[in-house]
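Notes for the one structure printed next.
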Amino acid sequence: MHINPNLFFLFKDGDFVVWDYQNHQQFALEDAYFERLKLWSQGKVTQPSPIDEELLGANLLSTIPISQGEWGWDLLSHIFHKGTSDISENILTAEQWTESYLDYCAMIAKNPLPIVLSNANIELPTADVSLLKTTDLIDVFYKRKTCRSFHSELITLSQLSTLLYFSFGNIHKEWPDLDGLQQLGIRKAFPSGGGLHPEEVYIVVLRVEGLEAGVYHYDCINHRLRLVKTGFFEQKVVELVCSQYFAEGIAVGLFLTSKFEKSWWKYPHSRGYRVCLLDMGHASQTCLLTASGLGLHTWVSGAFSDSNIRTFLELESETEFPLFFIGIGHGDNDSLNPKIRKALE
C-alpha cells in the first residue's frame with residue numbers, strides 16, 4: 001500500500017480532518033484510521049486490516065505509488081495549485097449546461113450580493129477623453145515599460161482622474177444586450193469573473209497638482225475619492241514594498257486590493273481564488289496601458305507586507321486583502337535604477 005501524498009491534516013469544528021486536496025475530498029478521522037495511515041507512511045505495517053479497505057475506497061491509500069510530478073516551489077503552493085485544479089469533469093450538452101447554469105444563478109440569487117458602501121465625497125474632474133483620443137494603440141504597446149527611476153514630478157489632477165476612470169471606472173454603465181436582466185456587476189474596461197469586480201483601488205497621493213498628499217479610496221461607481229488620511233507617505237510606501245526604493249519619486253502609488261466575499265458569493269469553490277488573481281492581472285494591465293497612453297511611466301510589484309498594508313490603508317473588512325502595487329509618475333523610462341546601475345559598474 002502507498003499513502004496518498006496529496007493530503008494535509010487539520011482540526012476543524014472539533015474534528016481531526018484529512019483533506020485530499022487533489023480529489024477535493026475531506027474526511028473526519030477517528031484515531032484508529034489516523035494511526036493506520038501513520039503506520040503505512042512509516043512502513044511499519046505487518047499485517048492487513050479491514051481499515052485498509054476503507055482507506056483505499058476513500059483514496060487515502062493506493063495499491064500503486066501516486067506521483068506528484070516535478071514541482072519547484074514549496075508544498076503550500078502545490079496545495080493551492082492542486083486544490084484549485086480539475087473542479088469538474090462533467091460533459092454536458094449546451095441545453096444541459098444552460099439549464100444547470102440558470103438553476104445555479106437562481107439559487108445564489110436568494111442571497112444578496114455583498115455591496116461595498118462608500119462615503120466618497122471628493123469630486124474628481126470629468127475624465128478628459130482628449131488625453132487618450134490621439135493615442136495610437138500600437139504606440140501605447142511600445143511605450144508600456146517598467147520604469148525604476150522616477151523624477152519626483154507632479155502629475156495633474158486631470159491625468160489622475162482620467163487614469164482612474166478608464167482603468168477602474170464603471171465606463172460601460174448598463175449594457176443594452178442585458179436589458180430585462182438584473183445586472184449585479186460593474187462594467188469596467190476589463191473582464192472579471194462573473195462580472196463581480198472584487199478589486200478596490202487605494203491611491204497614495206504624493207505629487208498630484210491640486211490634491212493634498214495622503215491616502216484615498218477610489219469609488220469606481222461614482223468616480224469620487226474618499227480620504228483615508230493625509231500625509232506624505234513616500235518612505236512608508238518604500239517600506240511597505242519590502243524596501244524597493246524604485247517607488248521613490250513616483251507621483252502616485254496604487255494599492256490594488258480584492259474583496260474576496262464578492263467572489264465567493266458566486267464562486268464558493270477555492271478555484272474562485274484563482275479568478276481573483278486573474279482579475280488583478282486584467283486590472284493592472286489596463287491601468288498600465290492607460291498610464292502609458294497618458295504619457296506616464298509605471299512600475300509594478302507583488303512583493304510587499306500584506307498585513308502592514310492592511311493596517312496602513314485602514315482596511316476594516318476581514319475579507320479584503322492587497323494583491324498588487326503600481327507606481328506611476330514621470331521618469332526617465334530606465335529599467336535600471338541609478339543605484340543599481342552604479343553597483344553594476
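We label chains A, B, ... in the order they appear in the C-alpha cells, count residues from 1 in each chain, and number ligands from 1 in the order shown.
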| task | Can you check which residues of region 109-340 of chain A DSSP gives as strand (DSSP E or B) on the backbone and send them as a ChimeraX atom specification? | result | /A:122-123,146,150,155-156,199-205,208-209,211,214-219,224-230,252-259,297-301,320-329,331
Go ahead and write the residues just picked, C-alpha atoms, as a compact mmCIF listing (two decimals), in the first residue's frame.
# COMPACT_ATOMS: atom_id res chain seq x y z
CA ILE A 122 -14.29 64.27 -3.06
CA GLU A 123 -15.36 65.09 -6.60
CA THR A 146 8.74 49.01 -16.42
CA PHE A 150 11.23 58.46 -11.27
CA ILE A 155 1.04 64.99 -12.46
CA THR A 156 -2.21 66.88 -12.99
CA GLU A 199 -10.93 44.71 -6.80
CA GLU A 200 -10.66 48.02 -4.95
CA VAL A 201 -8.14 50.82 -5.53
CA TYR A 202 -6.34 52.84 -2.84
CA ILE A 203 -4.24 55.76 -4.04
CA VAL A 204 -1.24 57.06 -2.13
CA VAL A 205 -1.08 60.61 -3.48
CA VAL A 208 -0.68 65.50 -7.77
CA GLU A 209 -1.33 69.11 -8.64
CA LEU A 211 -4.79 67.28 -4.46
CA GLY A 214 -2.44 61.35 1.52
CA VAL A 215 -4.24 58.04 1.10
CA TYR A 216 -7.53 57.87 -0.79
CA HIS A 217 -10.01 55.18 -1.78
CA TYR A 218 -11.50 55.31 -5.26
CA ASP A 219 -15.28 55.00 -5.61
CA ARG A 224 -15.09 60.04 -6.48
CA LEU A 225 -12.42 59.79 -3.82
CA ARG A 226 -12.73 59.10 -0.12
CA LEU A 227 -9.96 60.48 2.04
CA VAL A 228 -8.47 57.84 4.33
CA LYS A 229 -5.76 60.05 5.85
CA THR A 230 -3.48 62.93 4.93
CA VAL A 252 1.01 58.20 -7.02
CA GLY A 253 1.13 54.64 -5.75
CA LEU A 254 -1.87 52.37 -6.23
CA PHE A 255 -2.51 49.50 -3.86
CA LEU A 256 -4.97 47.12 -5.52
CA THR A 257 -6.96 45.01 -3.09
CA SER A 258 -9.60 42.32 -3.55
CA LYS A 259 -12.80 41.93 -1.54
CA HIS A 297 5.71 55.80 -16.54
CA THR A 298 4.89 52.81 -14.37
CA TRP A 299 6.48 50.30 -12.03
CA VAL A 300 4.70 47.28 -10.51
CA SER A 301 5.38 44.88 -7.68
CA GLU A 320 -10.22 42.46 1.88
CA PHE A 321 -6.55 41.94 1.09
CA PRO A 322 -3.87 43.67 -1.02
CA LEU A 323 -2.77 41.79 -4.14
CA PHE A 324 -0.70 44.23 -6.22
CA PHE A 325 1.07 47.61 -6.26
CA ILE A 326 1.52 50.07 -9.14
CA GLY A 327 3.77 53.12 -9.00
CA ILE A 328 3.01 55.88 -11.53
CA GLY A 329 4.68 59.17 -12.40
CA GLY A 331 10.53 59.06 -15.02
| query | Which polymer residues have any atom within 10 Å of an atom of Asn170 (chain A), counting only C-alpha atoms, with same-chain residues fewer than 2 positions away left out, as a ChimeraX atom specification? | reply | /A:165-168,172-174,185-189,219-223
Keeping only C-alpha atoms, take the residues you just selected and write them out as a tab-separated table (two decimals), in the first residue's frame.
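Contents of out02.tsv, freshly written:
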chain	number	residue	atom	x	y	z
A	165	TYR	CA	-11.82	56.34	-14.72
A	166	PHE	CA	-10.58	54.42	-17.74
A	167	SER	CA	-8.55	51.95	-15.67
A	168	PHE	CA	-11.07	51.14	-12.94
A	172	HIS	CA	-20.00	50.97	-19.64
A	173	LYS	CA	-22.81	51.64	-17.16
A	174	GLU	CA	-25.52	49.13	-18.13
A	185	GLY	CA	-21.88	43.51	-11.85
A	186	ILE	CA	-19.92	46.63	-12.69
A	187	ARG	CA	-18.99	47.22	-16.33
A	188	LYS	CA	-15.34	48.21	-16.44
A	189	ALA	CA	-12.82	48.23	-19.27
A	219	ASP	CA	-15.28	55.00	-5.61
A	220	CYS	CA	-15.43	53.39	-9.05
A	221	ILE	CA	-19.20	53.71	-9.39
A	222	ASN	CA	-19.48	57.45	-8.70
A	223	HIS	CA	-15.94	58.42	-9.78
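Between CA of Leu75 (chain A) and CA of Glu35 (chain A) there is a distance of 22.9 Å.
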| Which polymer residues have any atom within 9 Å of an atom of region 80-82 of chain A, counting only C-alpha atoms, with same-chain residues fewer than 5 positions away left out, as a list of chain:residue names? |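 Once the adjacent positions are removed, what remains is A:Asn6, A:Tyr21, A:Gln22, A:Asn23, A:Leu75, A:Ser270, A:Arg271.
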| request: Please measure the separation of CA of Ile171 (chain A) and CA of Gly210 (chain A), giving the value in Å to one decimal. | output: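 Computing the Euclidean distance for CA of Ile171 (chain A) and CA of Gly210 (chain A) yields 24.3 Å.
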| field | Neighbour list for region 132-138 of chain A as a PyMOL selection string, cut-off 9 Å, only C-alpha atoms, skip fewer than 6 positions in-chain | value | chain A and resi 162+289-290+293-294
